[in-house]
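So this one's work37.txt, compact mmCIF, C-alpha atoms and all ligand atoms:
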```txt
# COMPACT_ATOMS: atom_id res chain seq x y z
CA MET A 1 104.63 148.17 87.29
CA THR A 2 106.79 146.68 90.01
CA ARG A 3 106.80 142.89 89.94
CA GLN A 4 106.74 141.28 93.37
CA TYR A 5 108.11 137.86 94.24
CA SER A 6 108.13 136.10 97.53
CA ILE A 7 111.41 134.25 97.97
CA THR A 8 112.11 131.73 100.72
CA LEU A 9 115.72 131.69 101.82
CA LEU A 10 117.11 128.47 103.27
CA PRO A 11 120.64 129.26 104.50
CA GLY A 12 121.13 125.79 106.00
CA ASP A 13 124.56 124.89 107.36
CA GLY A 14 128.28 125.51 107.01
CA ILE A 15 129.10 128.19 104.47
CA GLY A 16 125.38 128.48 103.57
CA PRO A 17 124.60 131.68 105.47
CA GLU A 18 127.68 133.54 104.13
CA ILE A 19 127.08 132.79 100.48
CA LEU A 20 123.38 133.52 100.78
CA THR A 21 124.08 136.94 102.33
CA VAL A 22 126.12 137.91 99.27
CA THR A 23 123.37 136.62 97.00
CA VAL A 24 120.60 138.55 98.73
CA ASP A 25 122.63 141.76 98.34
CA VAL A 26 122.97 141.03 94.64
CA LEU A 27 119.23 140.40 94.30
CA LYS A 28 118.38 143.63 96.10
CA ILE A 29 120.39 145.69 93.64
CA ILE A 30 119.08 143.75 90.67
CA GLY A 31 115.56 144.29 91.99
CA GLN A 32 116.05 148.07 92.06
CA GLN A 33 117.44 148.04 88.56
CA PHE A 34 114.66 145.94 87.04
CA ASP A 35 111.74 147.22 89.08
CA ILE A 36 111.33 143.97 90.97
CA LYS A 37 110.51 143.75 94.65
CA PHE A 38 111.73 140.59 96.33
CA ASN A 39 110.02 139.77 99.61
CA PHE A 40 112.42 137.51 101.46
CA GLN A 41 111.60 135.18 104.32
CA GLU A 42 113.98 132.75 105.97
CA ALA A 43 113.27 129.20 107.08
CA LEU A 44 115.20 126.34 108.69
CA ILE A 45 116.53 123.24 106.98
CA GLY A 46 119.27 120.68 107.56
CA GLY A 47 121.53 120.59 110.60
CA SER A 48 120.49 124.02 111.84
CA ALA A 49 116.87 122.86 111.75
CA ILE A 50 117.81 119.70 113.67
CA ASP A 51 119.50 121.79 116.34
CA ALA A 52 116.51 124.12 116.64
CA THR A 53 113.62 121.66 116.31
CA GLY A 54 114.96 118.08 116.15
CA ASN A 55 113.72 117.80 112.57
CA PRO A 56 115.82 118.47 109.42
CA LEU A 57 112.70 119.69 107.58
CA PRO A 58 110.18 121.25 109.96
CA GLU A 59 106.61 121.30 108.62
CA GLU A 60 106.66 125.08 108.88
CA THR A 61 109.53 125.25 106.40
CA LEU A 62 107.56 123.29 103.83
CA THR A 63 104.55 125.53 104.33
CA VAL A 64 106.58 128.71 103.93
CA CYS A 65 108.23 127.28 100.80
CA ARG A 66 104.91 126.22 99.27
CA ASN A 67 103.56 129.73 99.73
CA SER A 68 106.44 131.39 97.94
CA ASP A 69 107.33 131.98 94.30
CA ALA A 70 110.79 130.45 94.55
CA VAL A 71 113.11 128.87 97.09
CA LEU A 72 116.77 129.73 97.30
CA LEU A 73 118.71 127.09 99.21
CA ALA A 74 122.37 127.39 100.19
CA ALA A 75 123.78 124.12 101.56
CA ILE A 76 123.12 121.57 104.26
CA GLY A 77 125.09 119.10 106.33
CA GLY A 78 128.17 118.86 108.51
CA TYR A 79 130.20 116.43 110.59
CA LYS A 80 128.16 117.23 113.64
CA TRP A 81 125.05 115.52 112.28
CA ASP A 82 126.69 112.68 110.34
CA ASN A 83 126.03 109.99 112.92
CA LEU A 84 122.41 110.70 113.73
CA PRO A 85 119.75 108.16 112.69
CA ARG A 86 118.73 108.58 109.05
CA HIS A 87 115.43 110.40 109.70
CA GLN A 88 117.37 113.07 111.56
CA ARG A 89 120.13 113.62 109.04
CA PRO A 90 120.38 116.90 107.14
CA GLU A 91 120.26 114.96 103.82
CA THR A 92 116.83 113.65 104.79
CA GLY A 93 115.65 117.25 104.94
CA LEU A 94 116.93 117.86 101.43
CA LEU A 95 115.24 114.75 100.04
CA GLY A 96 112.10 115.74 101.93
CA ILE A 97 111.89 119.19 100.40
CA ARG A 98 112.47 117.79 96.89
CA ALA A 99 109.63 115.33 97.39
CA GLY A 100 107.46 117.76 99.34
CA LEU A 101 107.57 120.36 96.58
CA ASN A 102 107.38 117.69 93.85
CA LEU A 103 110.61 118.88 92.27
CA PHE A 104 111.11 116.05 89.82
CA ALA A 105 113.43 117.79 87.37
CA ASN A 106 116.92 118.77 88.42
CA LEU A 107 118.92 120.90 85.99
CA ARG A 108 122.66 120.86 86.51
CA PRO A 109 124.65 122.83 83.99
CA ALA A 110 128.37 122.15 83.64
CA THR A 111 129.84 124.98 81.65
CA ILE A 112 133.53 125.66 81.27
CA LEU A 113 134.26 129.32 81.85
CA PRO A 114 137.22 130.41 79.71
CA GLN A 115 138.60 132.36 82.70
CA LEU A 116 138.85 129.17 84.74
CA ILE A 117 139.88 126.65 82.14
CA ASP A 118 143.18 125.92 83.89
CA ALA A 119 141.27 124.82 86.99
CA SER A 120 140.14 121.68 85.20
CA SER A 121 142.10 118.52 85.91
CA LEU A 122 141.68 117.55 82.25
CA LYS A 123 143.66 118.85 79.29
CA LYS A 124 142.59 122.21 77.95
CA GLU A 125 141.80 120.86 74.49
CA VAL A 126 139.49 118.23 75.99
CA VAL A 127 137.40 120.64 78.04
CA GLU A 128 137.55 123.91 76.12
CA GLY A 129 134.01 124.83 75.08
CA VAL A 130 132.26 122.19 77.20
CA ASP A 131 128.67 123.20 77.84
CA ILE A 132 126.57 120.36 79.20
CA MET A 133 123.18 120.35 80.89
CA VAL A 134 122.46 117.31 83.01
CA VAL A 135 118.73 116.80 83.55
CA ARG A 136 118.43 114.49 86.52
CA GLU A 137 115.17 112.91 87.66
CA LEU A 138 114.93 113.92 91.31
CA THR A 139 111.92 112.44 93.10
CA GLY A 140 111.92 108.82 91.97
CA GLY A 141 114.20 105.92 91.22
CA VAL A 142 116.23 104.12 93.85
CA TYR A 143 116.21 107.15 96.14
CA PHE A 144 112.51 106.79 96.81
CA GLY A 145 111.42 103.32 95.56
CA GLN A 146 109.69 100.89 97.92
CA PRO A 147 110.48 98.59 99.61
CA LYS A 148 113.45 100.16 101.31
CA GLY A 149 115.12 99.53 104.62
CA VAL A 150 117.23 97.04 106.52
CA PHE A 151 115.29 93.89 107.33
CA ALA A 152 116.10 90.69 109.19
CA THR A 153 116.07 87.55 107.06
CA GLU A 154 114.82 84.18 108.28
CA THR A 155 118.30 83.30 109.47
CA GLY A 156 118.47 86.53 111.44
CA GLU A 157 121.00 88.04 109.08
CA LYS A 158 120.34 91.65 108.13
CA ARG A 159 119.51 92.51 104.52
CA GLY A 160 119.57 96.06 103.15
CA VAL A 161 117.11 96.90 100.39
CA ASN A 162 116.43 99.80 98.05
CA THR A 163 114.27 99.61 94.97
CA MET A 164 114.90 101.27 91.65
CA ALA A 165 111.50 101.93 90.14
CA TYR A 166 110.03 104.29 87.56
CA THR A 167 106.48 104.51 86.29
CA GLU A 168 105.77 105.49 82.71
CA SER A 169 104.39 108.85 83.76
CA GLU A 170 107.49 109.62 85.84
CA ILE A 171 109.69 108.88 82.84
CA ASP A 172 107.50 110.85 80.46
CA ARG A 173 107.45 114.04 82.52
CA ILE A 174 111.23 114.16 82.98
CA GLY A 175 111.66 113.19 79.31
CA LYS A 176 109.50 116.13 78.29
CA VAL A 177 111.52 118.58 80.37
CA ALA A 178 114.73 117.24 78.86
CA PHE A 179 113.55 117.35 75.24
CA GLU A 180 112.29 120.92 75.74
CA ILE A 181 115.62 121.99 77.19
CA ALA A 182 117.59 120.25 74.45
CA LYS A 183 115.44 122.10 71.92
CA LYS A 184 116.45 125.43 73.45
CA ARG A 185 120.11 124.42 73.54
CA GLY A 186 122.04 122.38 70.97
CA ASN A 187 119.21 120.06 69.86
CA LYS A 188 121.05 116.99 71.13
CA LEU A 189 119.77 114.77 73.90
CA CYS A 190 121.59 111.77 75.32
CA SER A 191 119.54 109.49 77.58
CA VAL A 192 121.60 107.49 80.05
CA ASP A 193 120.42 104.20 81.53
CA LYS A 194 121.50 100.64 82.27
CA ALA A 195 119.05 98.93 79.93
CA ASN A 196 121.44 96.06 79.26
CA VAL A 197 120.87 94.87 82.83
CA LEU A 198 117.96 96.66 84.51
CA ASP A 199 114.28 96.25 83.59
CA VAL A 200 113.50 99.69 84.95
CA SER A 201 116.06 101.09 82.51
CA GLN A 202 114.54 99.20 79.57
CA LEU A 203 111.21 100.86 80.29
CA TRP A 204 113.03 104.20 80.58
CA ARG A 205 114.70 103.70 77.21
CA ASP A 206 111.47 102.61 75.50
CA ARG A 207 109.53 105.64 76.75
CA ILE A 208 112.24 108.16 75.90
CA THR A 209 112.59 106.59 72.45
CA SER A 210 108.87 106.82 71.81
CA MET A 211 108.84 110.51 72.78
CA ALA A 212 111.46 111.35 70.18
CA THR A 213 108.87 111.46 67.36
CA GLU A 214 107.37 114.57 69.02
CA TYR A 215 110.76 116.28 68.82
CA PRO A 216 111.97 115.67 65.28
CA ASP A 217 114.61 118.42 65.56
CA VAL A 218 116.26 116.89 68.60
CA GLU A 219 118.86 114.24 67.89
CA LEU A 220 118.36 111.51 70.50
CA SER A 221 121.03 109.04 71.55
CA HIS A 222 121.29 106.48 74.35
CA LEU A 223 124.26 105.41 76.44
CA TYR A 224 124.70 102.89 79.20
CA VAL A 225 125.74 104.64 82.36
CA ASP A 226 129.18 103.04 82.58
CA ASN A 227 129.98 104.12 79.05
CA ALA A 228 128.53 107.57 79.72
CA ALA A 229 130.87 108.00 82.70
CA MET A 230 133.80 107.09 80.48
CA GLN A 231 132.70 109.33 77.60
CA LEU A 232 132.24 112.27 79.95
CA VAL A 233 135.90 112.28 80.86
CA ARG A 234 137.15 111.05 77.46
CA ALA A 235 135.35 113.44 75.12
CA PRO A 236 132.91 115.67 76.99
CA LYS A 237 132.26 117.97 74.05
CA GLN A 238 130.09 115.28 72.41
CA PHE A 239 127.38 116.06 74.99
CA ASP A 240 124.81 118.80 74.96
CA THR A 241 121.84 117.76 77.13
CA ILE A 242 121.85 114.55 79.17
CA VAL A 243 118.74 113.04 80.76
CA THR A 244 118.95 110.31 83.34
CA GLY A 245 117.47 108.85 86.51
CA ASN A 246 118.07 109.95 90.06
CA LEU A 247 121.10 107.87 91.06
CA PHE A 248 122.88 107.95 87.69
CA GLY A 249 122.24 111.70 87.58
CA ASP A 250 123.70 112.16 91.05
CA ILE A 251 126.91 110.48 89.97
CA LEU A 252 127.24 111.85 86.44
CA SER A 253 126.45 115.41 87.47
CA ASP A 254 129.37 115.33 89.91
CA ALA A 255 131.66 114.05 87.16
CA ALA A 256 130.36 116.70 84.75
CA ALA A 257 130.85 119.37 87.39
CA MET A 258 134.45 118.34 87.91
CA LEU A 259 135.18 118.76 84.19
CA THR A 260 134.93 122.47 84.87
CA GLY A 261 137.45 122.14 87.70
CA SER A 262 135.41 124.53 89.77
CA ILE A 263 132.45 122.86 91.38
CA GLY A 264 132.29 125.98 93.54
CA MET A 265 130.99 127.82 90.47
CA LEU A 266 128.04 125.64 89.51
CA PRO A 267 124.38 126.39 90.17
CA SER A 268 121.38 124.09 89.88
CA ALA A 269 117.63 124.29 89.55
CA SER A 270 115.00 121.83 90.74
CA LEU A 271 111.63 122.23 89.10
CA GLY A 272 108.17 120.74 89.33
CA LEU A 273 105.15 121.35 87.17
CA GLU A 274 104.33 124.49 89.14
CA LYS A 275 106.04 127.10 91.26
CA PRO A 276 107.99 127.20 93.47
CA GLY A 277 111.19 125.81 92.07
CA LEU A 278 114.21 125.37 94.28
CA PHE A 279 117.60 126.77 93.34
CA GLU A 280 120.85 125.80 94.98
CA PRO A 281 124.57 125.55 94.32
CA VAL A 282 125.90 122.12 93.37
CA HIS A 283 128.61 122.27 96.03
CA GLY A 284 128.01 121.36 99.64
CA SER A 285 128.22 123.12 102.98
CA ALA A 286 132.04 122.95 103.30
CA PRO A 287 132.06 122.85 107.11
CA ASP A 288 135.87 122.99 107.15
CA ILE A 289 135.87 126.62 105.95
CA ALA A 290 132.54 127.79 107.39
CA GLY A 291 132.53 131.18 109.08
CA GLN A 292 136.03 132.07 107.87
CA ASP A 293 135.07 134.28 104.93
CA LYS A 294 136.76 131.86 102.51
CA ALA A 295 133.75 130.48 100.63
CA ASN A 296 133.09 131.14 96.97
CA PRO A 297 129.64 132.74 96.72
CA LEU A 298 129.44 132.63 92.92
CA ALA A 299 127.57 129.32 92.57
CA GLN A 300 124.94 130.65 94.93
CA VAL A 301 124.75 133.91 93.00
CA LEU A 302 124.42 131.95 89.75
CA SER A 303 121.68 129.88 91.39
CA ALA A 304 119.79 133.14 91.91
CA ALA A 305 120.24 133.79 88.20
CA MET A 306 118.77 130.36 87.47
CA MET A 307 115.93 131.22 89.81
CA LEU A 308 115.19 134.34 87.80
CA ARG A 309 115.42 132.54 84.46
CA TYR A 310 113.72 129.19 85.18
CA GLY A 311 111.67 129.96 88.27
CA LEU A 312 110.36 133.47 87.69
CA ASP A 313 110.63 133.86 83.94
CA GLU A 314 112.86 136.91 84.29
CA PRO A 315 115.66 136.23 81.79
CA GLU A 316 117.03 139.78 81.61
CA PRO A 317 118.04 140.24 85.24
CA ALA A 318 119.31 136.64 85.14
CA GLN A 319 121.62 137.51 82.30
CA LYS A 320 122.81 140.65 84.03
CA ILE A 321 123.84 138.60 87.07
CA GLU A 322 125.65 136.04 84.90
CA GLN A 323 127.51 138.81 83.11
CA ALA A 324 128.52 140.36 86.43
CA VAL A 325 129.99 137.03 87.53
CA LEU A 326 132.05 136.81 84.34
CA ALA A 327 133.12 140.43 84.83
CA VAL A 328 134.52 139.88 88.33
CA LEU A 329 136.43 136.86 87.02
CA ASP A 330 137.76 139.00 84.17
CA GLN A 331 138.89 141.52 86.78
CA GLY A 332 140.97 138.72 88.30
CA TYR A 333 139.13 138.19 91.58
CA ARG A 334 139.38 134.61 92.85
CA THR A 335 138.34 132.84 96.04
CA GLY A 336 140.67 130.10 97.26
CA ASP A 337 138.95 127.26 95.41
CA ILE A 338 139.58 128.86 92.00
CA MET A 339 142.79 130.76 92.78
CA SER A 340 145.61 130.67 90.24
CA PRO A 341 148.93 132.54 89.97
CA GLY A 342 148.68 136.24 89.14
CA MET A 343 145.06 136.56 90.28
CA THR A 344 143.73 138.60 93.21
CA ALA A 345 142.76 136.44 96.18
CA VAL A 346 139.55 137.53 97.86
CA GLY A 347 137.18 136.20 100.49
CA CYS A 348 133.47 135.67 100.27
CA GLN A 349 132.53 139.20 101.31
CA SER A 350 134.98 140.97 99.01
CA MET A 351 133.83 138.83 96.12
CA GLY A 352 130.33 140.04 96.91
CA GLU A 353 131.49 143.66 97.00
CA ALA A 354 133.21 143.26 93.63
CA LEU A 355 129.95 141.94 92.20
CA LEU A 356 127.95 144.83 93.57
CA LYS A 357 130.44 147.28 92.10
CA VAL A 358 130.08 145.73 88.65
CA LEU A 359 126.29 145.73 88.93
CA GLU A 360 126.22 149.36 89.97
CA SER A 361 128.60 150.57 87.29
C1 LIG B 401 123.16 116.01 95.47
C2 LIG B 401 123.59 115.38 96.77
C3 LIG B 401 122.37 114.77 97.43
C4 LIG B 401 121.86 113.67 96.55
C5 LIG B 401 122.60 114.27 98.87
C6 LIG B 401 123.22 115.31 99.75
C7 LIG B 401 121.32 113.76 99.48
O1 LIG B 401 124.60 114.46 96.56
O2 LIG B 401 122.32 116.92 95.53
O3 LIG B 401 123.66 115.61 94.44
O4 LIG B 401 122.32 112.54 96.61
O5 LIG B 401 120.94 113.95 95.76
MG MG B 402 125.31 114.45 94.56
```
Reformat the file's structure so that it appears as structure tokens.
Amino acid sequence: MTRQYSITLLPGDGIGPEILTVTVDVLKIIGQQFDIKFNFQEALIGGSAIDATGNPLPEETLTVCRNSDAVLLAAIGGYKWDNLPRHQRPETGLLGIRAGLNLFANLRPATILPQLIDASSLKKEVVEGVDIMVVRELTGGVYFGQPKGVFATETGEKRGVNTMAYTESEIDRIGKVAFEIAKKRGNKLCSVDKANVLDVSQLWRDRITSMATEYPDVELSHLYVDNAAMQLVRAPKQFDTIVTGNLFGDILSDAAAMLTGSIGMLPSASLGLEKPGLFEPVHGSAPDIAGQDKANPLAQVLSAAMMLRYGLDEPEPAQKIEQAVLAVLDQGYRTGDIMSPGMTAVGCQSMGEALLKVLES
């Protein structure tokens, strides 16, 4: 029987619409091949939502997302909106949808593709074989803790405040996701914190440590975040799965992404306890190349594969998409961000066509 999924598309800003167009074409073909019917609807987020409604996350967008099986987001932001007050910034829309859909677990894989190994800024022998999954807590920590704001002190001087806070239950639920993922991968989990200085991190470390007894097969280690940053660039192959809080995860996942040299290739998944999950590329909206057919659509396409695997429990079509991406790289097609001598330079659309050709063959 045909499976049906309702998918909300959030093209957002910059290169978002172009890379999402390619991805929808890929999903349509995959749907035919696997007897899946995707019902797509589009909604506004980020700068384009600000322009249309004054709000980076209109209520209607949240409603449409909540009523769907999965959300596929492209990218948000651009110079045009950078100087608006915080509640009207595109980033506020992104944080709002994470919180609004309760997407507390953010999965950011950093996998070196052999075809692109020379794109890394690190030595080949350091990065060859790197396959890391960063599990970042996404709806708590200093991003959301109260109090926050800029307040006047008694002397009239301004004081900016954010609060890094985690409850036990917030730590436990992200810990569980991370242990489960580590179990399905290399059975190694490294928890990253700053327990030598921060109380919130000590609680984090204690809870994660106490969970380890439930996962006897998973080898648990702990690193302070400064050391983790160093180890990531010194010897990244020591890592399998990393679990960490919101801010540390933001920073370390960028560093991990850069190990691959091709941040334009990396997908991500944001999950809650229930559907819908949200799936988006790690890269941003690249306003400097928007609308010029230069963007690399592959991270968005791989985000659709993550959507199938983690959001819809459809691992087979997910794998087919991932294989198609490897195939077009094997055929030598490269967008500008991953171009190297001897390869065939293509734009966003042609990369999409090459993918469709592989999928149809
Ligand atoms: C990310 C981004 C966001 C974050 C910004 C755009 C709000 O850097 O997804 O990593 O800090 O979480
Ligand atoms: Mg970031």
Point (119.8, 123.1, 97.8) neighbourhood (9 Å, only C-alpha atoms) written as an NGL selection string: :A and (10 or 12 or 71-76 or 94 or 268-270 or 278-282 or 284)
Shell of 8 Å around ligand LIG 401 (chain B) (only C-alpha atoms and all ligand atoms), written as a PDB file with C-alpha atoms, in the coordinates of the input:
```pdb
ATOM      1  CA  ILE A  76     123.120 121.570 104.260  1.00  0.00           C
ATOM      2  CA  GLY A  77     125.090 119.100 106.330  1.00  0.00           C
ATOM      3  CA  GLU A  91     120.260 114.960 103.820  1.00  0.00           C
ATOM      4  CA  THR A  92     116.830 113.650 104.790  1.00  0.00           C
ATOM      5  CA  LEU A  94     116.930 117.860 101.430  1.00  0.00           C
ATOM      6  CA  LEU A  95     115.240 114.750 100.040  1.00  0.00           C
ATOM      7  CA  LEU A 138     114.930 113.920  91.310  1.00  0.00           C
ATOM      8  CA  ASN A 246     118.070 109.950  90.060  1.00  0.00           C
ATOM      9  CA  LEU A 247     121.100 107.870  91.060  1.00  0.00           C
ATOM     10  CA  ASP A 250     123.700 112.160  91.050  1.00  0.00           C
ATOM     11  CA  ILE A 251     126.910 110.480  89.970  1.00  0.00           C
ATOM     12  CA  SER A 253     126.450 115.410  87.470  1.00  0.00           C
ATOM     13  CA  ASP A 254     129.370 115.330  89.910  1.00  0.00           C
ATOM     14  CA  VAL A 282     125.900 122.120  93.370  1.00  0.00           C
ATOM     15  CA  GLY A 284     128.010 121.360  99.640  1.00  0.00           C
TER      16      GLY A 284
END
```
Answer as a list in words, residues within 12 Å of (148.4, 127.2, 84.0) using all atoms listed in the file: Gln115, Leu116, Ile117, Asp118, Ala119, Ser120, Ser121, Leu122, Lys123, Lys124, Met339, Ser340, Pro341, Gly342 and Met343 of chain A
Neighbour list for stretch 50-53 of chain A as a compact mmCIF listing (two decimals) with C-alpha atoms, in the frame of the given file, cut-off 10 Å, all atoms listed in the file, skip fewer than 4 positions in-chain:
```txt
# COMPACT_ATOMS: atom_id res chain seq x y z
CA LEU A 44 115.20 126.34 108.69
CA ILE A 45 116.53 123.24 106.98
CA GLY A 46 119.27 120.68 107.56
CA LEU A 57 112.70 119.69 107.58
CA PRO A 58 110.18 121.25 109.96
CA TRP A 81 125.05 115.52 112.28
CA GLN A 88 117.37 113.07 111.56
CA ARG A 89 120.13 113.62 109.04
CA PRO A 90 120.38 116.90 107.14
CA GLY A 93 115.65 117.25 104.94
```
Within 6 Å of stretch 15-32 of chain A using only C-alpha atoms, minus same-chain residues under 4 positions, as a PyMOL selection string: chain A and resi 11+36-37+74-75+285+290+297+301+352
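Nearest residue to ligand MG 402 (chain B), choosing from A:Ile7, A:Leu298, A:Met258, A:Ala99 and counting all atoms listed in the file: A:Met258.
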Atom-to-atom span, atom CA of A:Thr260 and atom CA of A:Leu113, Å: 7.5 Å
Shell of 12 Å around A:Glu274, all atoms listed in the file, local chain residues under 2 positions omitted, as a list in words: Arg66, Asn67, Ser68, Asp69, Ala70, Leu101, Asn102, Leu103, Phe104, Ala105, Ser270, Leu271, Gly272, Pro276, Gly277, Leu278, Tyr310, Gly311 and Leu312 of chain A
The selected residues should be written to file as a compact mmCIF listing (two decimals), in the coordinates of the input (atoms: C-alpha atoms).
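Written file, part.txt:
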```txt
# COMPACT_ATOMS: atom_id res chain seq x y z
CA ARG A 66 104.91 126.22 99.27
CA ASN A 67 103.56 129.73 99.73
CA SER A 68 106.44 131.39 97.94
CA ASP A 69 107.33 131.98 94.30
CA ALA A 70 110.79 130.45 94.55
CA LEU A 101 107.57 120.36 96.58
CA ASN A 102 107.38 117.69 93.85
CA LEU A 103 110.61 118.88 92.27
CA PHE A 104 111.11 116.05 89.82
CA ALA A 105 113.43 117.79 87.37
CA SER A 270 115.00 121.83 90.74
CA LEU A 271 111.63 122.23 89.10
CA GLY A 272 108.17 120.74 89.33
CA PRO A 276 107.99 127.20 93.47
CA GLY A 277 111.19 125.81 92.07
CA LEU A 278 114.21 125.37 94.28
CA TYR A 310 113.72 129.19 85.18
CA GLY A 311 111.67 129.96 88.27
CA LEU A 312 110.36 133.47 87.69
```
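With all atoms listed in the file as the atoms that count, the residue of A:Ala182, A:Asn162, A:Arg136, A:Tyr5 with the shortest distance to A:Asp35 is A:Tyr5.
Remark: for A:Ile97, the closest of the candidate residues A:Leu259, A:Cys65, A:Ala110, A:Ala195 is A:Cys65 (distances computed over all atoms listed in the file).
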